[in-house]
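Asks: A single structure is presented below for examination.
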2 protein chains.
Amino acid sequence: MTFPTKTTPLSIQQQLDLSSEEFRRYAHEFVSWIANYLDHPERYKVFPDVKPGDIKSKLPSTPPEHPEPLDAVIKDIDRIIAPGLTHWNHPGFMAYFGISSSKPAILGELVSAAFDTNAMLWKTGPAAVELEEVVLDWLRQLLGLPDGYYGLIHDTASVSSLVALAAAREALNLHIREEGMSGRHELPKLRIYTSEHAHSSIEKAAIVLGLGQKGLRKIEVDAEFRMRVDRLREAIEHDINAGIKPCAVVATVGTTSTTSIDPVREIAEVCQKHDLWLHVDAAYAGNAALLPEMRWLVDGCDQADSLVFNPHKWLFVPIDCSVLYCRKPDILRQAFSLVPEYLRTGEEEVRNPMDYGISLGRRFRALKLWMVLRTFGVTGIRERLRYHIALAKKFRSWVEEHPDFEVVAPTPLSVVCFRYRPQNFNLSDEDFDTLNEKLLEAVNKSGEVFLSHTKLHDRYTLRLAIGNLGTTEQHVRRAWELLLEQANIVMHR
Amino acid sequence: MTFPTKTTPLSIQQQLDLSSEEFRRYAHEFVSWIANYLDHPERYKVFPDVKPGDIKSKLPSTPPEHPEPLDAVIKDIDRIIAPGLTHWNHPGFMAYFGISSSKPAILGELVSAAFDTNAMLWKTGPAAVELEEVVLDWLRQLLGLPDGYYGLIHDTASVSSLVALAAAREALNLHIREEGMSGRHELPKLRIYTSEHAHSSIEKAAIVLGLGQKGLRKIEVDAEFRMRVDRLREAIEHDINAGIKPCAVVATVGTTSTTSIDPVREIAEVCQKHDLWLHVDAAYAGNAALLPEMRWLVDGCDQADSLVFNPHKWLFVPIDCSVLYCRKPDILRQAFSLVPEYLRTGEEEVRNPMDYGISLGRRFRALKLWMVLRTFGVTGIRERLRYHIALAKKFRSWVEEHPDFEVVAPTPLSVVCFRYRPQNFNLSDEDFDTLNEKLLEAVNKSGEVFLSHTKLHDRYTLRLAIGNLGTTEQHVRRAWELLLEQANIVMHR
């Protein structure tokens with residue numbers, strides 16, 4: 001690799017990047033390293049033995065003055081980076097949502113990076129924009145959403161929901177796009193409704209949009225952690241009487257804590273009655289709705305104005321890939337479109353993604369999704385989803401059968417919420433909380449599995465989430481063994 | 001590749017993804033395809049011969065039921081996708097900003113995708129979070145920003161600037177996070193100031209944040225397209241007298257149309273006087289400030305509260321990678337932090353990226369940046385930047401010397417703004433506009449180069465932007481030849 005010097009900057013045809021031969025050689029080295037890694041990610045602990053600052057202390061604090069060969073970088077990835085990561089690929093990774101990529105999708109990211117296309121306008125990447133339309137229409141069909149929903153890929157559900165709620169605000173026709181919200185005495189307080197189990201991104205969206213945390217009303221849930229529609233109705237009516245203007249309702253299909261499913265159809269009726277925007281956050285569970293037998297998950301979603309689901313959560317593509325469907329793309333466009341002269345292209349008949357969201361620049365994210373759908377096929381995707389759901393049900397049955405453990409939420413999908421509650425001990429709720437916290441810590445310290453927790457009815461609750469392509473029954477069984485072993489130890493410590 | 005069937009879902013250790021052997025084989029096929037492509041992207045036209053809908057019509061409208069081998073996908077990439085893309089890698093791509101990746105960074109994306117780490121919390125990817133801190137501190141040093149600026153990678157400058165302006169709104173201490181903005185009679189109108197040449201993302205941020213388009217005041221520019229500080233002062237004082245509350249000023253270092261540089265130091269003084277948040281949009285030009293002789297670009301930026309620059313624009317990493325530096329991370333945190341129980345991790349001493357922005361999920365974007373900085377070295381990055389700037393100056397000199405063309409803006413960096421204005425013809429301004437529009441169209445139709453346009457003083461203006469690692473003097477010369485050839489044709493048509 002050579003580059004021009006200051007004295008002869010324009011003299012010759014320059015080679016400014018790796019040569020083709022170097023690229024091939026290094027690419028093969030990286031592929032080989034990755035193949036070994038993906039073969040057995042469990043060679044690493046799921047969560048590494050590191051303390052904050054450990055990685056930093058191994059890296060130079062000033063930038064490298066001179067070029068180094070890529071071999072040195074591979075060595076450092078092997079020696080410093082990989083051993084310092086939490087391994088989401090580890091088959092024992094069962095925390096948060098078990099997010100899993102697949103090998104075809106990893107290659108998809110490679111190709112996208114090589115093209116480096118910006119899918120902001122049709123003109124800046126026609127095949128990228130059109131492939132996105134095609135693939136998102138495939139998924140729309142599989143979800144059973146009506147024709148006419150316009151899909152667009154964003155990075156995360158946080159952004160998808162923010163974009164959807166910005167459209168909801170625009171749909172009020174209060175001239176907020178032009179006039180803003182502050183200093184307008186004629187504007188009422190605005191409010192969004194969601195359940196107390198909704199994702200924090202909804203509250204963040206309310207903050208960003210200037211509705212404020214108080215502009216979000218969290219509705220009580222029922223015994224199965226689903227939004228109580230009676231309480232939603234009451235809240236809306238109460239607010240209207242108090243001069244507050246309801247703006248939108250966010251229903252969750254698959255909450256983060258327990259994967260509970262809000263009653264979308266009933267919520268949609270409330271929204272229709274009051275002419276409110278209905279946004280559905282199906283970031284995780286929307287993927288499972290690809291199963292015909294799980295289609296009930298999205299029952300009523302054909303009445304939603306917008307719906308987000310994240311293929312990077314359970315459709316075997318690497319983060320990031322969040323799909324937002326919107327039934328009223330014209331309102332999205334009305335909320336966001338700003339076309340400066342340097343981006344005018346003349347193709348008036350095309351949809352330019354930049355007009356429908358916040359980010360101008362957009363990676364070519366549809367490619368990996370297309371590659372997974374094609375290489376797994378719809379049948380293959382479904383088999384994998386079914387397998388994960390079956391694994392979770394199996395784990396749940398073990399917990400249920402054990403006298404010292406309890407299942408504390410329904411398990412409609414692949415997340416099991418449970419607690420250690422040894423029956424022959426009369427401990428306070430707080431002591432049981434501490435016990436479960438210690439149990440989680442002990443199990444995670446093993447490095448063989450990684451679980452997470454939540455709080456339900458204010459009680460510390462363990463979560464086991466299946467979603468990783470590498471996870472098999474043997475890994476789930478090992479998680480259970482570790483829980484039993486460590487429970488015994490923490491109980492008697 | 002096999003997968004469990006419905007009847008025996010849990011019976012055996014399953015192979016749910018490609019095998020290691022299949023991955024290696026396909027990866028090598030993809031690498032080989034990419035190496036050939038990157039060797040000669042100019043085998044394709046920069047902008048393809050396609051009309052809206054052409055790609056879509058070549059793709060099935062329903063999802064694939066059954067798995068297909070990856071070979072079939074490679075074939076379709078070769079046959080449908082690649083020929084349907086705008087080739088940002090083409091050395092003749094000189095539109096917008098010439099965004100160029102490099103081969104080490106492409107491999108970086110491959111590794112990131114393989115790790116599939118979510119850098120939302122320290123705990124979910126310690127090495128990803130710490131490598132990001134280290135690399136962004138390297139860049140901070142190279143930019144000459146003071147110690148203490150906290151850097152974080154977002155997808156695009158649109159999001160970085162939105163995040164920065166949300167912090168500016170929070171810094172007003174008007175309880176907007178909690179109470180929102182509408183229906184509050186005590187709240188004044190808020191306003192952000194930027195130049196009329198600022199990027200559209202600033203206006204979009206004002207819309208999203210609920211300040212509205214009227215909440216953004218566009219300040220006049222001088223003859224060199226830089227914000228007029230006298231007009232800024234006047235506007236702020238006028239607004240204060242009218243009861244409007246100034247919130248922030250956005251200065252641009254390297255505007256999109258002409259790469260003009262706002263006088264940041266003077267603007268900073270105005271901000272200090274009125275206690276306003278100063279955000280600097282250096283998305284493109286910030287990269288050039290890595291050159292010691294161009295350090296003047298960021299003069300005064302040490303007084304800014306936040307600054308965005310995009311390594312994906314001119315630091316040879318693939319889209320997306322936008323860095324936001326903030327001098328007051330506590331205010332960012334105050335604006336955004338929301339920690340639900342399931343994301344509480346106990347490491348109180350670490351910075352969790354999710355607390356400082358909108359997106360919860362975050363790709364491991366620091367890796368590619370680290371790989372480029374190491375393999376090119378600071379010296380290598382600087383040589384490449386210098387080369388691009390020199391190429392632009394050379395092109396500018398040809399335009400200047402030609403009697404029928406005129407340069408219409410300064411060229412501090414790698415973008416030249418110019419116009420075809422044949423001297424022996426007495427045409428109206430509108431006719432010259434049409435002539436230039438036709439010239440752009442004719443040149444772009446060649447498929448050898450791809451230029452873009454803007455409007456300056458309402459006149460149609462051509463832009464040639466250098467930033468692609470593959471672009472050499474020969475390509476710039478070819479662009480000039482094509483302009484001369486086609487100018488002659490469109491003039492006499």
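Ligands are numbered from 1 in the order shown, residues from 1 within each chain, and chains are lettered A, B, ... in the order they appear in the structure tokens.
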Skip stretch 155-160 of chain A itself and residues of its chain fewer than 2 positions away, then list as a list in words all residues within 7 Å of it, counting only C-alpha atoms.

Replies: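 The contact residues come out as Ile153, Leu162, Val163, Ala164, Ser201, Ala283, Val308, Asn310, Asp320, Cys321, Ser322 and Leu324 of chain A; Ile358, Ser359, Leu360 and Gly361 of chain B.
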
Asks: Skipping near chain neighbours, those fewer than 2 positions away, what residues fall within 8 Å of stretch 232-247 of chain B using only C-alpha atoms, listed as a ChimeraX atom specification?

Replies: /B:168-169,172,188-193,219,227-230,249,270,276-277

Asks: Could those residues be written to a file, using N, CA and C atoms, as a PDB file, in the first residue's frame?

Replies:
```pdb
ATOM      1  N   ALA B 168     -29.429  21.111  24.171  1.00  0.00           N
ATOM      2  CA  ALA B 168     -29.526  22.576  24.255  1.00  0.00           C
ATOM      3  C   ALA B 168     -30.872  22.990  24.852  1.00  0.00           C
ATOM      4  N   ARG B 169     -31.916  22.315  24.441  1.00  0.00           N
ATOM      5  CA  ARG B 169     -33.255  22.616  24.960  1.00  0.00           C
ATOM      6  C   ARG B 169     -33.309  22.299  26.455  1.00  0.00           C
ATOM      7  N   LEU B 172     -31.831  24.804  28.962  1.00  0.00           N
ATOM      8  CA  LEU B 172     -32.589  26.024  29.281  1.00  0.00           C
ATOM      9  C   LEU B 172     -33.187  25.973  30.679  1.00  0.00           C
ATOM     10  N   PRO B 188     -41.976  30.790  26.953  1.00  0.00           N
ATOM     11  CA  PRO B 188     -41.857  31.671  25.781  1.00  0.00           C
ATOM     12  C   PRO B 188     -41.636  30.848  24.513  1.00  0.00           C
ATOM     13  N   LYS B 189     -41.731  31.493  23.392  1.00  0.00           N
ATOM     14  CA  LYS B 189     -41.307  30.847  22.139  1.00  0.00           C
ATOM     15  C   LYS B 189     -39.808  30.631  22.216  1.00  0.00           C
ATOM     16  N   LEU B 190     -39.346  29.489  21.702  1.00  0.00           N
ATOM     17  CA  LEU B 190     -37.915  29.197  21.712  1.00  0.00           C
ATOM     18  C   LEU B 190     -37.361  29.348  20.295  1.00  0.00           C
ATOM     19  N   ARG B 191     -36.095  29.682  20.218  1.00  0.00           N
ATOM     20  CA  ARG B 191     -35.540  29.812  18.865  1.00  0.00           C
ATOM     21  C   ARG B 191     -34.092  29.349  18.765  1.00  0.00           C
ATOM     22  N   ILE B 192     -33.818  28.704  17.638  1.00  0.00           N
ATOM     23  CA  ILE B 192     -32.461  28.271  17.279  1.00  0.00           C
ATOM     24  C   ILE B 192     -32.041  29.102  16.068  1.00  0.00           C
ATOM     25  N   TYR B 193     -30.768  29.408  15.984  1.00  0.00           N
ATOM     26  CA  TYR B 193     -30.239  30.239  14.901  1.00  0.00           C
ATOM     27  C   TYR B 193     -29.209  29.446  14.110  1.00  0.00           C
ATOM     28  N   ILE B 219     -30.029  32.803   9.372  1.00  0.00           N
ATOM     29  CA  ILE B 219     -29.293  34.067   9.313  1.00  0.00           C
ATOM     30  C   ILE B 219     -28.623  34.209   7.945  1.00  0.00           C
ATOM     31  N   MET B 227     -22.008  32.599   7.756  1.00  0.00           N
ATOM     32  CA  MET B 227     -23.003  33.283   8.578  1.00  0.00           C
ATOM     33  C   MET B 227     -22.522  34.690   8.933  1.00  0.00           C
ATOM     34  N   ARG B 228     -23.399  35.673   8.779  1.00  0.00           N
ATOM     35  CA  ARG B 228     -23.045  37.047   9.154  1.00  0.00           C
ATOM     36  C   ARG B 228     -23.293  37.226  10.644  1.00  0.00           C
ATOM     37  N   VAL B 229     -22.227  37.441  11.376  1.00  0.00           N
ATOM     38  CA  VAL B 229     -22.346  37.501  12.831  1.00  0.00           C
ATOM     39  C   VAL B 229     -23.092  38.759  13.267  1.00  0.00           C
ATOM     40  N   ASP B 230     -22.955  39.842  12.484  1.00  0.00           N
ATOM     41  CA  ASP B 230     -23.713  41.054  12.837  1.00  0.00           C
ATOM     42  C   ASP B 230     -25.208  40.775  12.763  1.00  0.00           C
ATOM     43  N   VAL B 249     -27.317  28.211  18.930  1.00  0.00           N
ATOM     44  CA  VAL B 249     -26.851  28.616  17.609  1.00  0.00           C
ATOM     45  C   VAL B 249     -26.140  27.407  16.998  1.00  0.00           C
ATOM     46  N   VAL B 270     -20.805  35.489  20.763  1.00  0.00           N
ATOM     47  CA  VAL B 270     -22.221  35.855  20.852  1.00  0.00           C
ATOM     48  C   VAL B 270     -22.950  34.875  21.776  1.00  0.00           C
ATOM     49  N   LEU B 276     -25.955  30.921  25.312  1.00  0.00           N
ATOM     50  CA  LEU B 276     -26.626  30.016  24.373  1.00  0.00           C
ATOM     51  C   LEU B 276     -25.751  28.804  24.080  1.00  0.00           C
ATOM     52  N   TRP B 277     -26.380  27.689  23.847  1.00  0.00           N
ATOM     53  CA  TRP B 277     -25.689  26.470  23.448  1.00  0.00           C
ATOM     54  C   TRP B 277     -25.142  26.674  22.032  1.00  0.00           C
TER      55      TRP B 277
END
```

Asks: Taking into account only C-alpha atoms, which residue in the set B:Thr454, B:Asn424, B:Thr471, B:Ser195 is nearest to chain A?

Replies: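 Using only C-alpha atoms, the shortest distance to chain A belongs to B:Thr454.
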
Asks: Please give the complete set of residues from stretch 29-152 of chain B that DSSP, run on the backbone, assigns to helix (DSSP H, G or I), formatted as a VMD selection string.

Replies: chain B and resid 29 to 39 41 to 43 56 to 58 70 to 84 103 to 115 126 to 143

Asks: Name the closest residue to A:Val339 among the candidates A:Asp355, A:Asp116, A:Glu293, A:Glu179; distances are taken between atoms, counting only C-alpha atoms.

Replies: A:Asp355

Asks: With only C-alpha atoms as the basis for distance, which of B:Leu85, B:Ile466, B:Val378, B:Cys326 is at the shortest distance from B:Tyr150?

Replies: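 Once distances to B:Tyr150 are computed over only C-alpha atoms, the minimum belongs to B:Cys326.
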
Asks: Could you list, as a list in words, every residue within 8 Å of A:Val134, counting only C-alpha atoms and ignoring same-chain residues fewer than 5 positions away?

Replies: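 Contacts, with the query itself left out: Lys56, Leu59 and Ser61 of chain B.
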